[in-house]
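Structure data follow from work_36.cif (mmCIF, C-alpha atoms):
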data_data
#
loop_
_atom_site.group_PDB
_atom_site.id
_atom_site.type_symbol
_atom_site.label_atom_id
_atom_site.label_comp_id
_atom_site.auth_asym_id
_atom_site.auth_seq_id
_atom_site.Cartn_x
_atom_site.Cartn_y
_atom_site.Cartn_z
ATOM 1 C CA MET A 1 -94.673 -37.155 8.511
ATOM 2 C CA GLU A 2 -95.846 -33.606 9.027
ATOM 3 C CA THR A 3 -93.069 -33.021 11.594
ATOM 4 C CA ARG A 4 -90.401 -34.088 9.097
ATOM 5 C CA ALA A 5 -91.910 -31.807 6.455
ATOM 6 C CA ASN A 6 -91.748 -28.877 8.860
ATOM 7 C CA TYR A 7 -88.066 -29.610 9.590
ATOM 8 C CA PHE A 8 -87.355 -29.729 5.878
ATOM 9 C CA LEU A 9 -89.032 -26.377 5.281
ATOM 10 C CA ILE A 10 -87.194 -24.767 8.206
ATOM 11 C CA GLY A 11 -83.811 -26.101 7.023
ATOM 12 C CA SER A 12 -84.477 -24.969 3.467
ATOM 13 C CA PHE A 13 -85.433 -21.500 4.676
ATOM 14 C CA VAL A 14 -82.284 -21.211 6.802
ATOM 15 C CA LEU A 15 -80.065 -22.286 3.900
ATOM 16 C CA ALA A 16 -81.801 -19.806 1.602
ATOM 17 C CA VAL A 17 -81.200 -16.983 4.102
ATOM 18 C CA ILE A 18 -77.497 -17.907 4.392
ATOM 19 C CA VAL A 19 -77.059 -18.020 0.616
ATOM 20 C CA ALA A 20 -78.841 -14.708 0.232
ATOM 21 C CA ALA A 21 -76.595 -13.109 2.877
ATOM 22 C CA LEU A 22 -73.453 -14.378 1.156
ATOM 23 C CA GLY A 23 -74.724 -13.168 -2.191
ATOM 24 C CA PHE A 24 -75.448 -9.735 -0.766
ATOM 25 C CA VAL A 25 -71.949 -9.509 0.738
ATOM 26 C CA LEU A 26 -70.320 -10.522 -2.550
ATOM 27 C CA TRP A 27 -72.502 -8.128 -4.522
ATOM 28 C CA PHE A 28 -71.757 -5.252 -2.178
ATOM 29 C CA GLN A 29 -68.029 -5.990 -2.311
ATOM 30 C CA SER A 30 -68.028 -6.176 -6.108
ATOM 31 C CA LEU A 31 -70.041 -2.964 -6.265
ATOM 32 C CA HIS A 32 -67.586 -1.244 -3.954
ATOM 33 C CA THR A 33 -64.637 -2.533 -5.979
ATOM 34 C CA THR A 34 -66.278 -1.398 -9.186
ATOM 35 C CA LYS A 35 -66.775 2.061 -7.762
ATOM 36 C CA THR A 36 -63.149 2.414 -6.571
ATOM 37 C CA ARG A 37 -61.476 0.817 -9.601
ATOM 38 C CA SER A 38 -62.036 0.844 -13.326
ATOM 39 C CA PRO A 39 -60.490 -1.095 -16.244
ATOM 40 C CA LEU A 40 -57.623 0.287 -18.311
ATOM 41 C CA ARG A 41 -56.443 -1.317 -21.539
ATOM 42 C CA ILE A 42 -52.795 -0.872 -22.494
ATOM 43 C CA ILE A 43 -51.430 -1.703 -25.946
ATOM 44 C CA PHE A 44 -47.802 -2.776 -26.399
ATOM 45 C CA GLU A 45 -46.561 -2.513 -29.958
ATOM 46 C CA GLY A 46 -43.888 -5.167 -29.702
ATOM 47 C CA SER A 47 -42.591 -7.313 -26.852
ATOM 48 C CA ALA A 48 -43.943 -7.129 -23.291
ATOM 49 C CA SER A 49 -41.451 -9.558 -21.820
ATOM 50 C CA GLY A 50 -41.870 -10.238 -18.108
ATOM 51 C CA LEU A 51 -45.440 -8.961 -17.857
ATOM 52 C CA ARG A 52 -47.680 -11.440 -16.013
ATOM 53 C CA ASN A 53 -51.163 -11.609 -14.525
ATOM 54 C CA GLY A 54 -51.105 -10.035 -11.078
ATOM 55 C CA GLY A 55 -48.313 -7.654 -11.963
ATOM 56 C CA ASN A 56 -48.339 -4.166 -10.494
ATOM 57 C CA VAL A 57 -49.481 -0.994 -12.205
ATOM 58 C CA ASN A 58 -47.436 1.921 -10.844
ATOM 59 C CA PHE A 59 -47.960 5.630 -11.362
ATOM 60 C CA ASN A 60 -44.744 7.525 -10.634
ATOM 61 C CA GLY A 61 -43.623 4.560 -8.525
ATOM 62 C CA VAL A 62 -46.883 4.313 -6.507
ATOM 63 C CA ARG A 63 -48.986 1.187 -6.944
ATOM 64 C CA ILE A 64 -52.462 2.052 -8.244
ATOM 65 C CA GLY A 65 -53.663 -1.272 -9.595
ATOM 66 C CA GLU A 66 -52.807 -4.678 -10.996
ATOM 67 C CA VAL A 67 -52.811 -6.549 -14.287
ATOM 68 C CA ILE A 68 -55.700 -8.985 -14.661
ATOM 69 C CA SER A 69 -55.014 -10.327 -18.170
ATOM 70 C CA VAL A 70 -52.285 -10.360 -20.818
ATOM 71 C CA LYS A 71 -52.977 -11.674 -24.321
ATOM 72 C CA LEU A 72 -51.786 -11.405 -27.923
ATOM 73 C CA ASP A 73 -53.874 -9.339 -30.304
ATOM 74 C CA ASN A 74 -51.663 -10.141 -33.304
ATOM 75 C CA PRO A 75 -48.078 -11.368 -33.798
ATOM 76 C CA ARG A 76 -46.690 -7.892 -33.094
ATOM 77 C CA ARG A 77 -49.157 -6.580 -30.536
ATOM 78 C CA VAL A 78 -49.762 -7.379 -26.859
ATOM 79 C CA VAL A 79 -52.891 -6.230 -25.038
ATOM 80 C CA ALA A 80 -52.897 -5.965 -21.234
ATOM 81 C CA LEU A 81 -56.006 -5.270 -19.193
ATOM 82 C CA ALA A 82 -55.553 -3.751 -15.754
ATOM 83 C CA MET A 83 -57.776 -2.545 -12.937
ATOM 84 C CA VAL A 84 -56.623 0.840 -11.666
ATOM 85 C CA GLU A 85 -57.900 3.247 -9.053
ATOM 86 C CA ASN A 86 -60.283 5.917 -10.248
ATOM 87 C CA SER A 87 -58.394 8.554 -8.241
ATOM 88 C CA ALA A 88 -55.212 8.028 -10.261
ATOM 89 C CA PRO A 89 -54.462 11.152 -12.374
ATOM 90 C CA ILE A 90 -54.187 9.300 -15.692
ATOM 91 C CA ARG A 91 -54.485 11.514 -18.788
ATOM 92 C CA LYS A 92 -54.192 11.149 -22.514
ATOM 93 C CA ASP A 93 -50.536 12.238 -22.515
ATOM 94 C CA THR A 94 -49.513 9.855 -19.716
ATOM 95 C CA LEU A 95 -46.413 7.877 -20.699
ATOM 96 C CA VAL A 96 -46.694 4.082 -20.532
ATOM 97 C CA GLY A 97 -43.785 1.682 -20.203
ATOM 98 C CA LEU A 98 -42.398 -1.300 -18.305
ATOM 99 C CA GLU A 99 -40.202 -1.372 -15.244
ATOM 100 C CA PHE A 100 -38.339 -4.281 -13.686
ATOM 101 C CA GLN A 101 -37.130 -5.189 -10.224
ATOM 102 C CA GLY A 102 -33.593 -6.340 -11.016
ATOM 103 C CA LEU A 103 -32.568 -8.328 -14.058
ATOM 104 C CA THR A 104 -34.868 -11.283 -13.368
ATOM 105 C CA GLY A 105 -37.735 -9.458 -11.627
ATOM 106 C CA VAL A 106 -41.355 -9.499 -12.745
ATOM 107 C CA ALA A 107 -42.262 -6.620 -15.019
ATOM 108 C CA ALA A 108 -44.733 -3.964 -13.937
ATOM 109 C CA ILE A 109 -46.624 -1.410 -16.000
ATOM 110 C CA SER A 110 -45.175 2.041 -15.421
ATOM 111 C CA LEU A 111 -47.290 5.198 -15.845
ATOM 112 C CA LYS A 112 -45.577 8.579 -15.683
ATOM 113 C CA GLY A 113 -46.274 12.229 -16.219
ATOM 114 C CA GLY A 114 -49.214 13.920 -17.868
ATOM 115 C CA GLN A 115 -50.638 17.426 -17.622
ATOM 116 C CA GLU A 116 -53.591 18.149 -15.346
ATOM 117 C CA THR A 117 -55.229 20.144 -18.122
ATOM 118 C CA ALA A 118 -54.794 17.330 -20.651
ATOM 119 C CA PRO A 119 -57.922 15.506 -21.875
ATOM 120 C CA PRO A 120 -58.901 12.199 -20.234
ATOM 121 C CA VAL A 121 -57.828 8.816 -21.530
ATOM 122 C CA PRO A 122 -59.461 7.992 -24.884
ATOM 123 C CA LEU A 123 -61.980 5.148 -24.972
ATOM 124 C CA ASP A 124 -61.731 1.986 -27.055
ATOM 125 C CA GLU A 125 -64.581 0.631 -29.179
ATOM 126 C CA ASP A 126 -66.128 -1.137 -26.184
ATOM 127 C CA GLY A 127 -65.872 1.977 -23.972
ATOM 128 C CA THR A 128 -62.744 0.882 -22.040
ATOM 129 C CA PRO A 129 -60.043 3.542 -21.573
ATOM 130 C CA MET A 130 -56.996 2.678 -23.678
ATOM 131 C CA LEU A 131 -53.380 3.834 -23.704
ATOM 132 C CA THR A 132 -50.575 2.798 -26.030
ATOM 133 C CA ALA A 133 -47.102 2.154 -24.662
ATOM 134 C CA ASP A 134 -44.182 4.099 -26.046
ATOM 135 C CA PRO A 135 -42.130 1.710 -28.233
ATOM 136 C CA ALA A 136 -39.014 3.794 -27.678
ATOM 137 C CA ALA A 137 -39.277 3.365 -23.904
ATOM 138 C CA LEU A 138 -39.756 -0.401 -24.271
ATOM 139 C CA GLN A 139 -36.828 -0.538 -26.632
ATOM 140 C CA ASP A 140 -34.703 1.445 -24.181
ATOM 141 C CA VAL A 141 -35.505 -0.994 -21.383
ATOM 142 C CA THR A 142 -34.715 -3.997 -23.552
ATOM 143 C CA GLU A 143 -31.524 -2.436 -24.811
ATOM 144 C CA ALA A 144 -30.469 -1.549 -21.277
ATOM 145 C CA ILE A 145 -30.944 -5.151 -20.154
ATOM 146 C CA ARG A 146 -29.031 -6.441 -23.138
ATOM 147 C CA ALA A 147 -26.251 -3.911 -22.605
ATOM 148 C CA THR A 148 -25.963 -4.918 -18.953
ATOM 149 C CA LEU A 149 -25.748 -8.587 -19.836
ATOM 150 C CA LYS A 150 -23.154 -7.816 -22.505
ATOM 151 C CA ASN A 151 -21.087 -5.833 -19.999
ATOM 152 C CA VAL A 152 -21.217 -8.667 -17.490
ATOM 153 C CA ASN A 153 -20.224 -11.161 -20.195
ATOM 154 C CA ARG A 154 -17.369 -8.907 -21.344
ATOM 155 C CA ILE A 155 -16.076 -8.489 -17.805
ATOM 156 C CA PHE A 156 -15.931 -12.254 -17.336
ATOM 157 C CA ALA A 157 -14.318 -12.689 -20.754
ATOM 158 C CA ASP A 158 -11.642 -10.055 -20.130
ATOM 159 C CA ASN A 159 -10.826 -11.419 -16.682
ATOM 160 C CA GLU A 160 -11.151 -15.088 -17.480
ATOM 161 C CA GLU A 161 -7.588 -15.876 -16.385
ATOM 162 C CA ALA A 162 -7.965 -13.932 -13.135
ATOM 163 C CA VAL A 163 -11.268 -15.623 -12.376
ATOM 164 C CA ARG A 164 -9.734 -19.013 -13.108
ATOM 165 C CA THR A 165 -6.754 -18.247 -10.855
ATOM 166 C CA SER A 166 -9.074 -17.098 -8.064
ATOM 167 C CA LEU A 167 -11.084 -20.283 -8.325
ATOM 168 C CA GLN A 168 -7.899 -22.343 -8.238
ATOM 169 C CA ASN A 169 -6.719 -20.453 -5.168
ATOM 170 C CA VAL A 170 -10.022 -21.075 -3.461
ATOM 171 C CA GLN A 171 -9.786 -24.754 -4.319
ATOM 172 C CA THR A 172 -6.197 -24.918 -3.020
ATOM 173 C CA PHE A 173 -7.221 -23.190 0.195
ATOM 174 C CA THR A 174 -10.121 -25.563 0.778
ATOM 175 C CA SER A 175 -7.854 -28.545 0.065
ATOM 176 C CA SER A 176 -5.313 -27.214 2.555
ATOM 177 C CA LEU A 177 -8.016 -26.823 5.150
ATOM 178 C CA ALA A 178 -9.212 -30.351 4.519
ATOM 179 C CA SER A 179 -5.683 -31.791 4.880
ATOM 180 C CA SER A 180 -5.039 -29.778 8.060
ATOM 181 C CA SER A 181 -8.341 -30.561 9.689
ATOM 182 C CA GLU A 182 -6.745 -32.619 12.478
ATOM 183 C CA HIS A 183 -4.250 -29.861 13.267
ATOM 184 C CA ILE A 184 -7.042 -27.284 13.275
ATOM 185 C CA ASP A 185 -9.057 -29.505 15.620
ATOM 186 C CA SER A 186 -6.120 -29.707 18.040
ATOM 187 C CA ILE A 187 -5.698 -25.916 17.916
ATOM 188 C CA MET A 188 -9.383 -25.432 18.616
ATOM 189 C CA LYS A 189 -9.165 -27.870 21.542
ATOM 190 C CA LYS A 190 -6.202 -25.948 22.982
ATOM 191 C CA ALA A 191 -8.053 -22.702 22.534
ATOM 192 C CA ASP A 192 -11.029 -24.235 24.286
ATOM 193 C CA GLY A 193 -8.753 -25.289 27.155
ATOM 194 C CA VAL A 194 -7.308 -21.786 27.442
ATOM 195 C CA ILE A 195 -10.784 -20.317 27.505
ATOM 196 C CA THR A 196 -11.806 -22.797 30.212
ATOM 197 C CA LYS A 197 -8.769 -21.879 32.339
ATOM 198 C CA THR A 198 -9.533 -18.195 31.863
ATOM 199 C CA ASP A 199 -13.083 -18.793 33.024
ATOM 200 C CA ASN A 200 -11.825 -20.649 36.088
ATOM 201 C CA LEU A 201 -9.369 -17.829 36.833
ATOM 202 C CA MET A 202 -12.136 -15.257 36.571
ATOM 203 C CA LEU A 203 -14.328 -17.353 38.856
ATOM 204 C CA GLY A 204 -11.454 -17.562 41.368
ATOM 205 C CA LEU A 205 -10.943 -13.801 41.242
ATOM 206 C CA ASP A 206 -14.647 -13.281 41.695
ATOM 207 C CA ALA A 207 -14.653 -15.632 44.697
ATOM 208 C CA LEU A 208 -11.610 -13.839 46.137
ATOM 209 C CA ALA A 209 -13.260 -10.487 45.686
ATOM 210 C CA GLY A 210 -16.448 -11.868 47.153
ATOM 211 C CA GLY A 211 -18.737 -10.481 44.468
ATOM 212 C CA LYS A 212 -21.229 -7.962 45.750
ATOM 213 C CA ASP A 213 -20.996 -9.038 49.436
ATOM 214 C CA GLY A 214 -17.178 -8.922 49.652
ATOM 215 C CA GLY A 215 -14.737 -11.748 50.443
ATOM 216 C CA GLU A 216 -11.189 -12.388 51.567
ATOM 217 C CA LEU A 217 -9.805 -9.513 49.543
ATOM 218 C CA LEU A 218 -12.244 -7.077 51.129
ATOM 219 C CA GLN A 219 -11.371 -8.339 54.612
ATOM 220 C CA ALA A 220 -7.651 -7.955 53.871
ATOM 221 C CA VAL A 221 -8.206 -4.385 52.693
ATOM 222 C CA LYS A 222 -10.162 -3.606 55.871
ATOM 223 C CA SER A 223 -7.425 -5.101 58.065
ATOM 224 C CA PHE A 224 -4.733 -3.115 56.236
ATOM 225 C CA ARG A 225 -6.746 0.066 56.691
ATOM 226 C CA GLU A 226 -7.158 -0.584 60.444
ATOM 227 C CA LEU A 227 -3.410 -1.264 60.724
ATOM 228 C CA THR A 228 -2.564 2.024 59.017
ATOM 229 C CA ASP A 229 -4.977 3.903 61.283
ATOM 230 C CA ASN A 230 -3.355 2.385 64.397
ATOM 231 C CA LEU A 231 0.108 3.194 63.070
ATOM 232 C CA ASP A 232 -0.951 6.792 62.492
ATOM 233 C CA LYS A 233 -2.248 7.076 66.057
ATOM 234 C CA ARG A 234 0.868 5.473 67.596
ATOM 235 C CA ALA A 235 3.179 7.552 65.448
ATOM 236 C CA GLY A 236 1.435 10.678 66.689
ATOM 237 C CA ALA A 237 1.894 9.636 70.336
ATOM 238 C CA LEU A 238 5.560 8.732 69.765
ATOM 239 C CA MET A 239 6.218 12.064 68.132
ATOM 240 C CA LEU A 240 4.622 13.877 71.092
ATOM 241 C CA ASP A 241 6.724 11.905 73.596
ATOM 242 C CA GLY A 242 9.842 12.534 71.516
ATOM 243 C CA ARG A 243 9.186 16.250 71.528
ATOM 244 C CA ARG A 244 8.790 16.236 75.316
ATOM 245 C CA THR A 245 12.009 14.245 75.763
ATOM 246 C CA LEU A 246 13.920 16.607 73.483
ATOM 247 C CA ALA A 247 12.572 19.580 75.487
ATOM 248 C CA ASP A 248 13.789 18.015 78.756
ATOM 249 C CA ILE A 249 17.228 17.289 77.319
ATOM 250 C CA SER A 250 17.481 20.824 75.954
ATOM 251 C CA ARG A 251 16.532 22.258 79.360
ATOM 252 C CA ALA A 252 19.135 20.084 81.135
ATOM 253 C CA VAL A 253 21.871 21.142 78.738
ATOM 254 C CA ASN A 254 21.024 24.781 79.260
ATOM 255 C CA ASN A 255 21.201 24.393 83.057
ATOM 256 C CA LEU A 256 24.533 22.584 82.761
ATOM 257 C CA ASP A 257 25.951 25.418 80.724
ATOM 258 C CA LYS A 258 24.904 27.963 83.356
ATOM 259 C CA ASN A 259 26.152 26.015 86.398
ATOM 260 C CA PRO A 260 28.600 23.162 85.559
ATOM 261 C CA THR A 261 29.358 22.514 89.312
ATOM 262 C CA ARG A 262 25.940 20.950 89.704
ATOM 263 C CA ILE A 263 27.385 17.672 88.462
ATOM 264 C CA LEU A 264 29.895 17.505 91.430
ATOM 265 C CA PHE A 265 28.205 19.384 94.291
ATOM 266 C CA GLY A 266 24.582 19.235 93.318
ATOM 267 C CA PRO A 267 22.302 22.194 93.184
ATOM 268 C CA SER A 268 23.140 24.944 95.751
ATOM 269 C CA THR A 269 20.534 26.169 98.207
ATOM 270 C CA SER A 270 21.577 29.819 97.945
ATOM 271 C CA ALA A 271 21.398 29.697 94.294
ATOM 272 C CA SER A 272 18.019 28.123 94.495
ATOM 273 C CA GLU A 273 16.718 30.748 96.881
ATOM 274 C CA PRO A 274 15.731 33.959 95.239
ATOM 275 C CA PRO A 275 17.747 37.046 96.308
ATOM 276 C CA PRO A 276 16.084 39.268 98.966
ATOM 277 C CA GLN A 277 14.266 42.196 97.661
ATOM 278 C CA PRO A 278 15.230 45.611 99.207
ATOM 279 C CA ALA A 279 12.627 47.172 101.425
ATOM 280 C CA ALA A 280 10.765 50.011 100.021
ATOM 281 C CA GLN A 281 11.821 53.324 101.478
ATOM 282 C CA ARG A 282 9.069 55.302 103.040
ATOM 283 C CA PRO A 283 9.179 59.086 102.867
ATOM 284 C CA GLY A 284 9.978 60.765 106.323
ATOM 285 C CA PRO A 285 8.348 63.797 107.794
ATOM 286 C CA ARG A 286 9.196 66.977 106.116
ATOM 287 C CA ARG A 287 11.248 69.473 108.024
ATOM 288 C CA ARG A 288 9.725 72.754 108.870
ATOM 289 C CA GLN A 289 11.150 75.644 107.145
#
Go ahead and express the file in the form of structure tokens.
Amino acid sequence: METRANYFLIGSFVLAVIVAALGFVLWFQSLHTTKTRSPLRIIFEGSASGLRNGGNVNFNGVRIGEVISVKLDNPRRVVALAMVENSAPIRKDTLVGLEFQGLTGVAAISLKGGQETAPPVPLDEDGTPMLTADPAALQDVTEAIRATLKNVNRIFADNEEAVRTSLQNVQTFTSSLASSSEHIDSIMKKADGVITKTDNLMLGLDALAGGKDGGELLQAVKSFRELTDNLDKRAGALMLDGRRTLADISRAVNNLDKNPTRILFGPSTSASEPPPQPAAQRPGPRRRQ
């Protein structure tokens, strides 16, 4: 019995420590949040259409907080409570309005402008800073949305016949496609066949070329190159022999012109022998005077 009581006390102590740790974490987080953010009450004199809980609070387009509650104060007044960063330069003369992301987007509170030397935001009765939205700005936004919708409606109204004709043309085109589906299928099959043949042709060319390692085409090119090299060498030898033959013929013709009797009697021995050279005369003894 005592052992069970000890287990119970130990378990209770462990649970109490865990709960205390969680409570400390939550308290520290809430304290940190409270230090970095503070509440801001915004009054809308009129409609605040599109404003929801969780909406953004933007200062010059930069998000500085979010809306935590939106409620009616009276039939013509909407009160929104937001948590904004303490570092945001919000002043008494800061302009408040609404901004939208597209025609159907969620509204966000927009804060703009303000002088650095202006006084801080005035406090409400409960000590919460409070700003009042500019009704003219809200009216401008609403009027802009209405004007845009009116322009879109007018465009469709003015071009009703053209829109109807376009829709009819689209319907006719889709009907034509539906009726020609079999023909289109046959065309696609033929195109597929052509593509397949092209692939086979490319594969054949690749096999002929041999890819990276070379194939029949490369061997044929090598053989043709060897043949041209051999022809160049043989042509050079033939040209040399032809030159020698032409030189011999030219020499024979020249000899025939000089001595035509060589054809009948053959070359003469005297003619072949060189003429004797005269002996050199030696000087005799000088006579005495």
Item checked: Length of the CA of Pro119 (chain A) to CA of Lys92 (chain A) vector [Å] ->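 It comes out at 5.8 Å.
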Note to self: Once the PyMOL selection byres ((chain A and resi 57) around 12) is applied to the coordinates I shared, what remains selected? I want it as JSON, numbers by chain.
What the structure shows: {"A": [39, 40, 41, 42, 51, 52, 53, 54, 55, 56, 58, 59, 60, 61, 62, 63, 64, 65, 66, 67, 68, 80, 81, 82, 83, 84, 85, 88, 90, 96, 97, 98, 99, 100, 106, 107, 108, 109, 110, 111, 112]}
I'd like the box whose edges run along x, y and z of the file and which contains every listed atom of region 148-153 of chain A, padded by 4 Å per side; could you state its centre and edge lengths in Å, one decimal, as lines of an AutoDock Vina configuration file?
center_x = -23.1
center_y = -8.0
center_z = -20.0
size_x = 13.7
size_y = 14.2
size_z = 13.0
Next item on the list: State, in Å with one decimal place, the distance from CA of Arg76 (chain A) to CA of Glu45 (chain A).
Entry: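 One can read the CA of Arg76 (chain A) to CA of Glu45 (chain A) distance as 6.2 Å.
Put simply, CA of Val121 (chain A) is 8.6 Å away from CA of Thr94 (chain A).
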Item checked: Which residue of A:Asn74, A:Gln171, A:Asn159, A:Thr117 approaches Asp93 (chain A) most closely, using only C-alpha atoms -> A:Thr117
